[in-house]
Amino acid sequence: MKHAAVSKETATAGCTRRDDFPVFADPGLVYLDSAASAQKPAVVLDAMRAFDATSYANIHRGVYALSERATAAYEGARGKVRGFLHADADREIVFTRGATEAVNLVANSFARPRLGPGDEILITHLEHHANIVPWQMVCAETGAQLRVAPINDRGDLDLDEFAALLGTHTRLVAFAHVSNALGTVNPVREMTALAHARGVPVLVDGAQAVPHLPVDVQDLDCDFYVFSGHKLYGPTGIGALYAKWEHLESMPPWQGGGDMILSVSFDKTIYAEAPRKFEAGTPNITGAVGLGAAIDYLTAIGWPAITAHEEDLEAYAEPQLAAIEGLRLIGTPAVRAGLFSFVMDGIHPHDVGTFLAADNIAVRSGHHCAQPVMERFGVPATTRASLGLYNTRADVDALVSALKRMKEFFAA
Amino acid sequence: MSDLRDLYQQLVLDHGRHPRNRRAMGACDCEKGATCCHNDGYNPLCGDKLTLYARVRDDFIEDLSFEGEGCAIFTASTSMLTEALKGRKVSEIRGILDDFLEMLTSGEKAPDPEGLGKLAVFSGVKDFPTRVKCATLPWRTLEMILEDVDQGPAQTEGDASAV
């Protein structure tokens, strides 16, 4: 791996945040798998450690100072998520284990009671399994049907077909803000407006979007927005559901337990108000603190710098990747965010991944939990290189150079 | 990271590019005293997928073939499996199968070059833990075939998963 030999000056066009991330103590690491999970900056690691060391206790319970501090930190993190998503109120933010649990919460608490035979849920062809399977499960239980809006050969949604599939039986629409397999950015505002014109509520899976672009749920006007902390430079096991208050108020709890009640007797239990109604049991308190710290970190950098950095890397990478003989980009969407999926003529993605790994280049090889997308493009799997704050042009150079050498290696 | 050439030896690349015996098996000969079996193997993590076909007559593997797609390690392992075992006695195969899996999974017992022959080329795979399943999938599928053969001359099918 020659990455370490590239000087800092030539390695970075504009800012690099590489030094903020302890994992790059390994100077040769080329980490291009942030779409699977992003690395954590020192400020996130430090915030979690400091919280555990000085302010940790269970929340919403003790009357002692430590518990008050812990509760304040946890609820403070909720406020940070609210600010990050530009939601109207803290009470519209429910902490979950991640985007997957948030989708399941909506499927079980919001969709299930509203569904019956003949009803439909509309998704798109570019969804992650997390935004397919929960709906299939709830459809199987209720007799509802799952409908799928098609994508074109570029990996963009067919908006006309999407509109046509919105019918009188559609009870909910769910789609990704950004595709994890193709990088496609969906026109969320337009799609939401189309659904709302028919009175259909909308869930947006923001797992791949939140690290790359500013999100304003009030501007998007979506009913639900979900994301995971670990793709946002925060820890695993924490994520959030945003939901409009009118929905949260009407939704029954999904999981029962402590912390989600006002009072319990064997005759009757009165639930707490949202969001606590949906946070049964002791939550991932330290995870929430870490997520809050990640949001602070991104906010301090600011969206103009983040998007400028990623646009520069994308513009730098795309023509070079496209020019490699035998490389086919899977997904050439009108608007791309953060990743490139590709296949190499005659070399399986799994072999590509191993070859790159030998150069200390981390990419994802596989179906990316989006098997319907793979089928749509007629490939069993792809190699995916995804970008984060810490990536540099030198990372792109390392990838391109390795891919060029790879052809020779596998020629037999 | 171990040397890539230990993983992708020339023989592996050759079989990966030009797999032998990749074809569906012809008409079933069960009525003429053979045992015809086929089993499916699938690794959902990377999409490696195969159907392994076997025709056994008088305790001999008369024919072995496969259909499927996957990475170079998987394709080469499957191709070389068919080449190495065709014509062998069923009773010999169990030992080869065990040695091959042992070579890739335990790492303690050195492969017996006499028994494994060319198949020893896969010994380097054990240093790439994420790739072991690519090499073992056809062999796990073969295990199921052997179980079917033990059960007698009825055409059977099943499914091996590398999860």
# chains A, B, ... in the order shown; residues from 1 in each chain; ligands from 1
$ interface_residues --of "chain A" --to "chain B" --cutoff "10 Å" --atoms "only C-alpha atoms" --output "ChimeraX atom specification"
/A:346-352,354-355,357-360,365-369,371,379-382,409-412
$ write_last_selection --atoms "C-alpha atoms" --output "short mmCIF file (atom, residue, chain, number, x, y, z; two decimals), in the first residue's frame"
data_model
loop_
_atom_site.label_atom_id
_atom_site.label_comp_id
_atom_site.auth_asym_id
_atom_site.auth_seq_id
_atom_site.Cartn_x
_atom_site.Cartn_y
_atom_site.Cartn_z
CA GLY A 346 -14.61 -11.25 -15.54
CA ILE A 347 -13.69 -10.61 -11.90
CA HIS A 348 -16.22 -11.39 -9.21
CA PRO A 349 -16.85 -8.61 -6.63
CA HIS A 350 -15.72 -10.90 -3.85
CA ASP A 351 -12.34 -11.32 -5.56
CA VAL A 352 -12.18 -7.57 -6.14
CA THR A 354 -10.00 -9.44 -1.43
CA PHE A 355 -7.57 -7.93 -3.92
CA ALA A 357 -8.01 -5.64 1.00
CA ALA A 358 -4.46 -6.80 0.32
CA ASP A 359 -3.70 -3.12 -0.40
CA ASN A 360 -5.40 -2.05 2.85
CA SER A 365 -18.46 -6.60 -1.84
CA GLY A 366 -21.86 -8.19 -1.95
CA HIS A 367 -25.50 -7.47 -2.54
CA HIS A 368 -25.54 -4.66 0.06
CA CYS A 369 -28.77 -5.97 1.59
CA GLN A 371 -30.94 -8.09 -3.59
CA VAL A 379 -25.52 -8.87 -11.27
CA PRO A 380 -25.15 -11.17 -8.25
CA ALA A 381 -23.22 -8.55 -6.32
CA THR A 382 -21.21 -5.38 -6.76
CA PHE A 409 -3.31 -10.12 -11.61
CA PHE A 410 -6.43 -12.07 -12.47
CA ALA A 411 -5.52 -12.65 -16.11
CA ALA A 412 -4.85 -16.37 -16.36
#
$ select_by_dssp --residues "region 44-101 of chain B" --states "alpha helix (DSSP H)" --output "JSON list (two decimals) with N, CA, C and O atoms, in the first residue's frame"
[["chain", "number", "residue", "atom", "x", "y", "z"],
["B", 72, "ALA", "N", -13.86, -16.43, -7.97],
["B", 72, "ALA", "CA", -12.82, -17.30, -8.52],
["B", 72, "ALA", "C", -12.52, -18.47, -7.59],
["B", 72, "ALA", "O", -12.33, -19.61, -8.05],
["B", 73, "ILE", "N", -12.48, -18.22, -6.29],
["B", 73, "ILE", "CA", -12.17, -19.29, -5.33],
["B", 73, "ILE", "C", -13.26, -20.36, -5.37],
["B", 73, "ILE", "O", -12.98, -21.56, -5.42],
["B", 74, "PHE", "N", -14.50, -19.90, -5.35],
["B", 74, "PHE", "CA", -15.63, -20.83, -5.40],
["B", 74, "PHE", "C", -15.64, -21.62, -6.71],
["B", 74, "PHE", "O", -15.81, -22.84, -6.71],
["B", 75, "THR", "N", -15.48, -20.93, -7.80],
["B", 75, "THR", "CA", -15.56, -21.59, -9.11],
["B", 75, "THR", "C", -14.43, -22.61, -9.26],
["B", 75, "THR", "O", -14.65, -23.74, -9.72],
["B", 76, "ALA", "N", -13.23, -22.22, -8.84],
["B", 76, "ALA", "CA", -12.10, -23.13, -8.95],
["B", 76, "ALA", "C", -12.28, -24.33, -8.03],
["B", 76, "ALA", "O", -11.99, -25.48, -8.41],
["B", 77, "SER", "N", -12.75, -24.09, -6.83],
["B", 77, "SER", "CA", -12.94, -25.19, -5.89],
["B", 77, "SER", "C", -13.96, -26.19, -6.43],
["B", 77, "SER", "O", -13.77, -27.40, -6.33],
["B", 78, "THR", "N", -15.03, -25.67, -7.00],
["B", 78, "THR", "CA", -16.07, -26.54, -7.54],
["B", 78, "THR", "C", -15.54, -27.32, -8.74],
["B", 78, "THR", "O", -15.72, -28.54, -8.86],
["B", 79, "SER", "N", -14.87, -26.61, -9.63],
["B", 79, "SER", "CA", -14.32, -27.24, -10.83],
["B", 79, "SER", "C", -13.34, -28.34, -10.45],
["B", 79, "SER", "O", -13.39, -29.46, -10.99],
["B", 80, "MET", "N", -12.44, -28.04, -9.52],
["B", 80, "MET", "CA", -11.42, -29.02, -9.16],
["B", 80, "MET", "C", -11.99, -30.18, -8.36],
["B", 80, "MET", "O", -11.48, -31.30, -8.42],
["B", 81, "LEU", "N", -13.07, -29.91, -7.64],
["B", 81, "LEU", "CA", -13.78, -31.00, -6.96],
["B", 81, "LEU", "C", -14.27, -32.02, -7.98],
["B", 81, "LEU", "O", -14.04, -33.23, -7.85],
["B", 82, "THR", "N", -14.91, -31.53, -9.02],
["B", 82, "THR", "CA", -15.47, -32.47, -10.01],
["B", 82, "THR", "C", -14.35, -33.23, -10.70],
["B", 82, "THR", "O", -14.46, -34.43, -10.93],
["B", 83, "GLU", "N", -13.26, -32.52, -10.98],
["B", 83, "GLU", "CA", -12.16, -33.16, -11.69],
["B", 83, "GLU", "C", -11.47, -34.21, -10.82],
["B", 83, "GLU", "O", -11.10, -35.29, -11.28],
["B", 84, "ALA", "N", -11.32, -33.88, -9.53],
["B", 84, "ALA", "CA", -10.57, -34.77, -8.64],
["B", 84, "ALA", "C", -11.37, -36.02, -8.25],
["B", 84, "ALA", "O", -10.78, -37.07, -7.97],
["B", 85, "LEU", "N", -12.68, -35.90, -8.22],
["B", 85, "LEU", "CA", -13.47, -37.00, -7.65],
["B", 85, "LEU", "C", -14.15, -37.89, -8.68],
["B", 85, "LEU", "O", -14.61, -38.99, -8.36],
["B", 90, "VAL", "N", -16.99, -44.11, -4.04],
["B", 90, "VAL", "CA", -17.71, -43.32, -3.05],
["B", 90, "VAL", "C", -17.04, -43.46, -1.68],
["B", 90, "VAL", "O", -16.90, -42.49, -0.93],
["B", 91, "SER", "N", -16.58, -44.68, -1.38],
["B", 91, "SER", "CA", -15.98, -44.92, -0.07],
["B", 91, "SER", "C", -14.67, -44.13, 0.12],
["B", 91, "SER", "O", -14.29, -43.82, 1.23],
["B", 92, "GLU", "N", -14.00, -43.79, -1.00],
["B", 92, "GLU", "CA", -12.76, -42.99, -0.90],
["B", 92, "GLU", "C", -13.08, -41.51, -0.65],
["B", 92, "GLU", "O", -12.27, -40.78, -0.09],
["B", 93, "ILE", "N", -14.22, -41.11, -1.17],
["B", 93, "ILE", "CA", -14.52, -39.67, -1.22],
["B", 93, "ILE", "C", -14.68, -39.07, 0.16],
["B", 93, "ILE", "O", -14.25, -37.94, 0.41],
["B", 94, "ARG", "N", -15.28, -39.81, 1.05],
["B", 94, "ARG", "CA", -15.51, -39.29, 2.40],
["B", 94, "ARG", "C", -14.20, -38.82, 3.04],
["B", 94, "ARG", "O", -14.13, -37.75, 3.64],
["B", 95, "GLY", "N", -13.16, -39.59, 2.85],
["B", 95, "GLY", "CA", -11.86, -39.23, 3.42],
["B", 95, "GLY", "C", -11.29, -37.96, 2.80],
["B", 95, "GLY", "O", -10.76, -37.09, 3.50],
["B", 96, "ILE", "N", -11.42, -37.85, 1.47],
["B", 96, "ILE", "CA", -10.92, -36.65, 0.78],
["B", 96, "ILE", "C", -11.69, -35.42, 1.24],
["B", 96, "ILE", "O", -11.12, -34.37, 1.53],
["B", 97, "LEU", "N", -13.00, -35.59, 1.32],
["B", 97, "LEU", "CA", -13.87, -34.50, 1.77],
["B", 97, "LEU", "C", -13.46, -34.02, 3.17],
["B", 97, "LEU", "O", -13.29, -32.82, 3.41],
["B", 98, "ASP", "N", -13.27, -34.98, 4.07],
["B", 98, "ASP", "CA", -12.89, -34.62, 5.44],
["B", 98, "ASP", "C", -11.53, -33.93, 5.46],
["B", 98, "ASP", "O", -11.34, -32.93, 6.17],
["B", 99, "ASP", "N", -10.58, -34.45, 4.70],
["B", 99, "ASP", "CA", -9.25, -33.84, 4.66],
["B", 99, "ASP", "C", -9.30, -32.42, 4.11],
["B", 99, "ASP", "O", -8.63, -31.52, 4.60],
["B", 100, "PHE", "N", -10.12, -32.24, 3.07],
["B", 100, "PHE", "CA", -10.20, -30.92, 2.44],
["B", 100, "PHE", "C", -10.78, -29.90, 3.43],
["B", 100, "PHE", "O", -10.23, -28.81, 3.62],
["B", 101, "LEU", "N", -11.87, -30.29, 4.09],
["B", 101, "LEU", "CA", -12.50, -29.36, 5.04],
["B", 101, "LEU", "C", -11.57, -29.11, 6.23],
["B", 101, "LEU", "O", -11.47, -27.99, 6.73]]
$ atom_distance --atom1 "CA of Glu246 (chain A)" --atom2 "CA of Val138 (chain A)"
21.9 Å
$ select_by_dssp --residues "region 51-285 of chain A" --states "strand (DSSP E or B)" --output "PyMOL selection string"
chain A and resi 93-96+120-124+145-149+151+157+170-176+178+184-185+202-205+224-228+239-243+261-264+269-271
$ residues_around --residues "Pro134 (chain A)" --least-positions-apart "4" --cutoff "9 Å" --atoms "only C-alpha atoms" --output "NGL selection string"
:A and (100 or 103-104 or 107-108 or 129-130 or 138-139)
$ residues_around --residues "region 34-41 of chain A" --least-positions-apart "6" --cutoff "9 Å" --atoms "only C-alpha atoms" --output "JSON list (two decimals) with C-alpha atoms, in the first residue's frame"
[["chain", "number", "residue", "atom", "x", "y", "z"],
["A", 17, "ARG", "CA", -10.77, 15.49, 8.67],
["A", 18, "ARG", "CA", -8.62, 12.40, 8.60],
["A", 19, "ASP", "CA", -6.68, 13.42, 11.70],
["A", 20, "ASP", "CA", -9.90, 13.66, 13.71],
["A", 21, "PHE", "CA", -10.34, 9.89, 13.46],
["A", 22, "PRO", "CA", -8.08, 7.66, 15.60],
["A", 23, "VAL", "CA", -8.47, 4.69, 13.24],
["A", 180, "ASN", "CA", -27.30, 2.36, -0.25],
["A", 207, "ALA", "CA", -29.82, 5.95, 6.81],
["A", 208, "GLN", "CA", -27.63, 6.76, 3.80],
["A", 230, "HIS", "CA", -23.31, 4.45, 13.18],
["A", 231, "LYS", "CA", -23.49, 5.72, 9.61],
["A", 232, "LEU", "CA", -23.27, 9.26, 10.98],
["A", 233, "TYR", "CA", -19.87, 8.82, 12.68],
["A", 234, "GLY", "CA", -21.63, 7.80, 15.88],
["A", 235, "PRO", "CA", -21.89, 4.47, 17.69],
["A", 236, "THR", "CA", -23.91, 1.38, 16.75],
["A", 294, "ALA", "CA", -21.42, 13.13, 16.33],
["A", 297, "TYR", "CA", -19.07, 17.38, 15.28],
["A", 338, "GLY", "CA", -21.50, 9.33, -1.36],
["A", 339, "LEU", "CA", -20.88, 6.05, -3.13],
["A", 363, "VAL", "CA", -14.67, -1.67, 0.30],
["A", 364, "ARG", "CA", -17.88, -3.65, 0.48],
["A", 368, "HIS", "CA", -25.54, -4.66, 0.06],
["A", 384, "ARG", "CA", -19.10, -0.56, -3.46],
["A", 385, "ALA", "CA", -16.71, 2.25, -2.60],
["A", 386, "SER", "CA", -18.34, 4.77, -0.30],
["A", 387, "LEU", "CA", -17.05, 8.11, 0.90],
["A", 388, "GLY", "CA", -16.82, 9.85, 4.22],
["A", 390, "TYR", "CA", -12.02, 11.53, 6.15]]
$ residues_around --residues "Arg23 (chain B)" --least-positions-apart "5" --cutoff "7 Å" --atoms "only C-alpha atoms" --output "mmCIF file with C-alpha atoms, in the first residue's frame"
data_model
loop_
_atom_site.group_PDB
_atom_site.id
_atom_site.type_symbol
_atom_site.label_atom_id
_atom_site.label_comp_id
_atom_site.auth_asym_id
_atom_site.auth_seq_id
_atom_site.Cartn_x
_atom_site.Cartn_y
_atom_site.Cartn_z
ATOM 1 C CA SER B 65 -20.834 -31.747 -12.875
ATOM 2 C CA PHE B 66 -22.164 -28.410 -11.726
ATOM 3 C CA GLU B 67 -24.006 -25.324 -12.764
#
